[in-house]
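Chemist: Have a look at this one before I ask anything.
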Amino acid sequence: LPQVNASFLGDEANVAGSTGRENQYFIEGVNVTDPFLAAGGTRLPQNFVREIQVKQGGYMPEHGAATGGIINVITHSGNNDFNGQIFGFLTNNNVASDSRRGIAEFQQTSFSRYDLGGAVGGAIARDKLWYFLAYNPTVEKEGLVIPGLSSYEDKAVAHLFASKLSWSPSPTTTLDLAVFGDPTSHDRVGGSFLITPQATQLNADPLLMDRTLGAVTASLRGRTLLGENVIVEAAISRVEANNQSKAATEVGLTESTYTDLYNSTLSGGMQDQFDHHTIRWGTELSTTLFAGRHELKLGLAYDHLALDEDWFTETPDGRPGLVTR
């Protein structure tokens with residue numbers, strides 16, 4: 001979009017001169033922004049997404065926590081007609097040219113991606129209660145050669161799911177209960193972001209990592225029309241996210257990393273392992289009054305953010321240690 005630029009500093013897209021840390025991400029109005037890094041908190045199955053809204057400025061006061069962009073995803077809902085869809089996607093190195101990488105980069109021996117999914121929606125009680133479900137598991141594999149050693153498999157498995165239950169107890173009232181998430185496990189070849197692969201690896205342990213990441217979100221949102229000129233909306237949500245990185249081997253867990261820049265070698269264990277756990281509770285209540293061509297909106301919102309963070313790093317005497325906050 002105009003005024004939106006990719007960032008080369010590791011943060012999200014920069015919107016209208018703001019950094020990626022100043023954006024806010026929503027799904028159906030539920031704030032899923034990661035409290036730790038202010039990044040997009042949850043991935044959705046593509047067949048659950050109906051619309052994506054991007055606001056670059058001039059947004060309403062309820063988005064006062066942002067000074068960058070507002071990204072909101074509108075999801076599908078069920079209706080009186082039963083409908084469904086399935087899809088599949090496959091690619092691998094047999095349908096691509098050979099990769100060419102730099103001298104210090106891991107050479108790729110193979111890769112594949114399997115992406116399957118489906119969605120179904122319909123009515124439980126016509127004109128009253130509807131459902132919509134979507135599930136999209138993905139598997140990505142890549143064979144990588146660590147310089148000086150052998151080939152190792154980099155594998156990521158993600159389970160993207162979403163569910164939504166919509167109830168209309170009266171023609172003027174609607175309630176939506178939604179649960180969605182993207183738990184992911186990743187056997188990563190590459191190690192910590194602080195470790196740069198050297199020309200010679202004396203052992204593979206500093207570069208073998210187990211990653212666990214993803215979030216699960218639940219939200220309940222209601223809306224009712226009072227008379228002809230007043231709309232009352234209320235919502236409560238909970239977002240729980242995990243981002244864990246630890247060494248995949250015993251040596252990686254217990255030994256320190258040793259980088260010899262003179263001989264360009266890397267050995268020892270893995271550096272800077274971490275475990276981030278965040279929980280975001282959100283509540284909001286708003287009333288909108290329409291008077292002719294004028295609109296007045298009043299509301300209250302409260303967010304409770306919690307971070308439990310463990311860093312496994314080296315102590316001053318060079319031994320693995322633990323820092324908690």
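Labels for the structure tokens follow display order: chains A, B, ..., residues from 1 in each chain, ligands from 1.
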Just list as number ranges by chain whatever in stretch 72-272 of chain A DSSP marks as alpha helix (DSSP H).
Modeler: A: 250-254
Chemist: With a distance cut-off of 12 Å and only C-alpha atoms, select the neighbouring residues of A:Ile279, excluding the residue or stretch itself and same-chain residues fewer than 2 positions from it, and output the selection as a list in words.
Modeler: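 Answer for this query is Asn31, Val32, Thr33, Asp34, Pro35, Phe36, Gly41, Ala215, Val216, Thr217, Ala218, Ser237, Arg238, Val239, Glu240, Ala241, Asn242, Asn243, His276, His277, Trp281, Gly282, Asp303, His304, Leu305, Ala306, Leu307, Asp308 and Glu309 of chain A.
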Chemist: Which residue gives the smallest distance to A:Leu149 among A:Ser110, A:Val232, A:Asp127, A:Leu266, with only C-alpha atoms counted?
Modeler: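 Nearest to A:Leu149: A:Leu266.
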Chemist: Residues within 12 Å of A:Lys164, please, as an NGL selection string. Count only C-alpha atoms; anything in the same chain fewer than 6 positions from it doesn't count.
Modeler: :A and (28 or 48 or 74-79 or 119-123 or 129-134 or 175-180 or 217-221)
Chemist: Do a neighbour search on A:Leu213 at 9 Å with only C-alpha atoms, toss out local chain neighbours closer than 4 positions, and write the hits as number ranges by chain.
Modeler: A: 182-186, 241-245
Chemist: Atoms to include: C-alpha atoms. Write the selected residues as a short mmCIF file (atom, residue, chain, number, x, y, z; two decimals), in the first residue's frame.
Modeler:
data_model
loop_
_atom_site.label_atom_id
_atom_site.label_comp_id
_atom_site.auth_asym_id
_atom_site.auth_seq_id
_atom_site.Cartn_x
_atom_site.Cartn_y
_atom_site.Cartn_z
CA ASP A 182 -1.77 -21.53 15.08
CA PRO A 183 0.34 -23.86 17.31
CA THR A 184 3.61 -24.58 15.50
CA SER A 185 6.65 -26.75 16.14
CA HIS A 186 9.90 -26.25 14.27
CA ALA A 241 0.97 -17.02 22.99
CA ASN A 242 4.12 -19.12 23.39
CA ASN A 243 7.51 -18.59 21.81
CA GLN A 244 10.12 -21.06 22.99
CA SER A 245 13.56 -21.81 21.63
#
Chemist: If you run DSSP on this backbone, which residues of stretch 109-196 of chain A come out as strand (DSSP E or B), and could you give them as a PyMOL selection string?
Modeler: chain A and resi 109-125+129-145+151-170+173-181+184-189
Chemist: Smallest atom-to-atom distance to A:Leu165: which of A:Leu207, A:Leu44, A:Ala125, A:Val139, using only C-alpha atoms?
Modeler: A:Ala125
Chemist: Of the candidates A:Ala234, A:Ile70, A:Ile52, A:Val95, which shows the shortest atom-to-atom distance to A:Thr174, using only C-alpha atoms?
Modeler: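 With only C-alpha atoms as the atom set, the closest residue is A:Ala234.
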Chemist: To one decimal in Å, tell me the separation between atom CA of A:Leu208 and atom CA of A:Lys155.
Modeler: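 Taking atom CA of A:Leu208 as the start and atom CA of A:Lys155 as the end point, the length is 11.4 Å.
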Chemist: For A:Leu116, please output as a CSV table (one decimal) with all heavy atoms, in the first residue's frame all residues within 7 Å (counting only C-alpha atoms; exclusion window: fewer than 2 positions along the same chain).
Modeler:
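So the final result, stored in around.csv, reads:
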chain,number,residue,atom,x,y,z
A,87,PHE,N,-8.9,-27.8,0.0
A,87,PHE,CA,-7.9,-27.5,-0.9
A,87,PHE,C,-6.6,-28.2,-0.6
A,87,PHE,O,-6.5,-28.7,0.6
A,87,PHE,CB,-7.6,-25.9,-0.9
A,87,PHE,CG,-7.0,-25.4,0.4
A,87,PHE,CD1,-5.7,-25.4,0.6
A,87,PHE,CD2,-7.9,-25.0,1.4
A,87,PHE,CE1,-5.1,-24.9,1.8
A,87,PHE,CE2,-7.4,-24.5,2.6
A,87,PHE,CZ,-6.0,-24.5,2.8
A,88,GLY,N,-5.7,-28.3,-1.5
A,88,GLY,CA,-4.4,-28.9,-1.2
A,88,GLY,C,-3.3,-28.3,-2.1
A,88,GLY,O,-3.6,-27.8,-3.2
A,89,PHE,N,-2.1,-28.2,-1.5
A,89,PHE,CA,-1.0,-27.6,-2.2
A,89,PHE,C,0.3,-28.4,-1.9
A,89,PHE,O,0.5,-28.8,-0.8
A,89,PHE,CB,-0.8,-26.1,-1.7
A,89,PHE,CG,0.4,-25.4,-2.2
A,89,PHE,CD1,0.4,-24.9,-3.5
A,89,PHE,CD2,1.6,-25.4,-1.5
A,89,PHE,CE1,1.5,-24.2,-4.0
A,89,PHE,CE2,2.7,-24.7,-2.0
A,89,PHE,CZ,2.7,-24.2,-3.2
A,114,TYR,N,3.8,-29.3,2.2
A,114,TYR,CA,2.5,-29.9,2.1
A,114,TYR,C,1.5,-29.0,2.8
A,114,TYR,O,1.7,-28.7,4.0
A,114,TYR,CB,2.4,-31.3,2.7
A,114,TYR,CG,3.5,-32.3,2.1
A,114,TYR,CD1,4.8,-32.3,2.6
A,114,TYR,CD2,3.2,-33.1,1.0
A,114,TYR,CE1,5.7,-33.2,2.1
A,114,TYR,CE2,4.1,-34.0,0.5
A,114,TYR,CZ,5.4,-34.0,1.0
A,114,TYR,OH,6.3,-34.8,0.5
A,136,ASN,N,-6.3,-26.0,8.7
A,136,ASN,CA,-5.2,-25.9,7.7
A,136,ASN,C,-3.9,-26.4,8.3
A,136,ASN,O,-3.1,-25.5,8.7
A,136,ASN,CB,-5.2,-24.5,7.1
A,136,ASN,CG,-4.1,-24.3,6.1
A,136,ASN,OD1,-3.6,-23.2,5.8
A,136,ASN,ND2,-3.7,-25.4,5.4
A,137,PRO,N,-3.6,-27.7,8.2
A,137,PRO,CA,-2.2,-28.1,8.7
A,137,PRO,C,-1.2,-27.9,7.5
A,137,PRO,O,-1.5,-28.1,6.4
A,137,PRO,CB,-2.4,-29.6,9.0
A,137,PRO,CG,-3.6,-30.0,8.1
A,137,PRO,CD,-4.4,-28.8,7.9
A,138,THR,N,0.0,-27.5,7.9
A,138,THR,CA,1.1,-27.4,6.9
A,138,THR,C,2.3,-28.0,7.4
A,138,THR,O,2.6,-28.0,8.6
A,138,THR,CB,1.4,-25.9,6.6
A,138,THR,OG1,1.9,-25.3,7.8
A,138,THR,CG2,0.1,-25.1,6.2
Chemist: Could you check which of A:Pro45, A:Gly69, A:Pro169, A:Pro61 is closest to A:Ala13, using only C-alpha atoms?
Modeler: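 Ranked by minimum distance to A:Ala13, first place goes to A:Gly69.
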Chemist: Give me, as a short mmCIF file (atom, residue, chain, number, x, y, z; two decimals) with all heavy atoms, in the first residue's frame, all polymer residues having an atom no more than 12 Å from A:Met60, counting only C-alpha atoms and skipping those fewer than 3 positions away in the same chain.
Modeler:
data_model
loop_
_atom_site.label_atom_id
_atom_site.label_comp_id
_atom_site.auth_asym_id
_atom_site.auth_seq_id
_atom_site.Cartn_x
_atom_site.Cartn_y
_atom_site.Cartn_z
N LYS A 55 -5.72 0.37 8.00
CA LYS A 55 -5.92 1.80 8.24
C LYS A 55 -4.57 2.44 8.52
O LYS A 55 -3.85 1.99 9.40
CB LYS A 55 -6.88 2.02 9.40
CG LYS A 55 -8.26 1.41 9.19
CD LYS A 55 -9.17 1.61 10.40
CE LYS A 55 -10.52 0.96 10.18
NZ LYS A 55 -11.41 1.12 11.36
N GLN A 56 -4.27 3.49 7.77
CA GLN A 56 -2.96 4.13 7.89
C GLN A 56 -2.99 5.38 8.76
O GLN A 56 -1.95 5.91 9.11
CB GLN A 56 -2.44 4.49 6.50
CG GLN A 56 -2.22 3.29 5.60
CD GLN A 56 -1.94 3.71 4.18
OE1 GLN A 56 -2.85 4.04 3.43
NE2 GLN A 56 -0.68 3.71 3.80
N GLY A 57 -4.16 5.86 9.12
CA GLY A 57 -4.27 7.06 9.94
C GLY A 57 -5.70 7.53 9.98
O GLY A 57 -6.56 7.05 9.23
N HIS A 63 -8.58 2.84 18.85
CA HIS A 63 -7.26 2.34 18.43
C HIS A 63 -6.15 3.25 18.93
O HIS A 63 -5.10 3.38 18.30
CB HIS A 63 -7.21 2.24 16.90
CG HIS A 63 -8.22 1.31 16.32
ND1 HIS A 63 -8.39 0.02 16.77
CD2 HIS A 63 -9.14 1.47 15.33
CE1 HIS A 63 -9.36 -0.57 16.08
NE2 HIS A 63 -9.84 0.28 15.20
N GLY A 64 -6.36 3.88 20.07
CA GLY A 64 -5.39 4.84 20.57
C GLY A 64 -4.05 4.26 20.98
O GLY A 64 -3.10 5.00 21.19
N ALA A 65 -3.96 2.94 21.12
CA ALA A 65 -2.69 2.34 21.50
C ALA A 65 -1.71 2.26 20.33
O ALA A 65 -0.56 1.87 20.52
CB ALA A 65 -2.92 0.94 22.06
N ALA A 66 -2.14 2.62 19.13
CA ALA A 66 -1.29 2.52 17.94
C ALA A 66 -0.94 3.91 17.42
O ALA A 66 -1.73 4.85 17.50
CB ALA A 66 -2.00 1.74 16.84
N THR A 67 0.26 4.03 16.91
CA THR A 67 0.66 5.24 16.18
C THR A 67 1.13 4.88 14.77
O THR A 67 1.60 5.74 14.04
CB THR A 67 1.80 5.97 16.92
OG1 THR A 67 2.88 5.06 17.15
CG2 THR A 67 1.31 6.51 18.26
N ILE A 70 -3.22 0.07 11.45
CA ILE A 70 -4.21 -0.82 12.06
C ILE A 70 -4.56 -1.89 11.03
O ILE A 70 -5.04 -1.57 9.95
CB ILE A 70 -5.48 -0.06 12.47
CG1 ILE A 70 -5.15 1.02 13.50
CG2 ILE A 70 -6.53 -1.02 13.01
CD1 ILE A 70 -4.65 0.49 14.82
N LEU A 296 -22.26 9.90 17.61
CA LEU A 296 -21.51 10.06 18.86
C LEU A 296 -21.24 8.67 19.43
O LEU A 296 -22.16 7.88 19.63
CB LEU A 296 -22.32 10.88 19.87
CG LEU A 296 -21.68 11.03 21.27
CD1 LEU A 296 -20.37 11.80 21.18
CD2 LEU A 296 -22.66 11.71 22.23
N LYS A 297 -19.97 8.40 19.69
CA LYS A 297 -19.59 7.09 20.21
C LYS A 297 -18.83 7.27 21.53
O LYS A 297 -17.86 8.02 21.61
CB LYS A 297 -18.71 6.34 19.20
CG LYS A 297 -18.41 4.90 19.61
CD LYS A 297 -17.69 4.15 18.50
CE LYS A 297 -17.49 2.69 18.85
NZ LYS A 297 -16.83 1.92 17.78
N LEU A 298 -19.28 6.56 22.55
CA LEU A 298 -18.64 6.56 23.85
C LEU A 298 -18.28 5.12 24.21
O LEU A 298 -19.06 4.19 23.94
CB LEU A 298 -19.58 7.13 24.92
CG LEU A 298 -20.07 8.57 24.71
CD1 LEU A 298 -21.08 8.92 25.78
CD2 LEU A 298 -18.91 9.54 24.72
N GLY A 299 -17.12 4.93 24.83
CA GLY A 299 -16.73 3.57 25.16
C GLY A 299 -15.64 3.50 26.19
O GLY A 299 -14.95 4.49 26.49
#
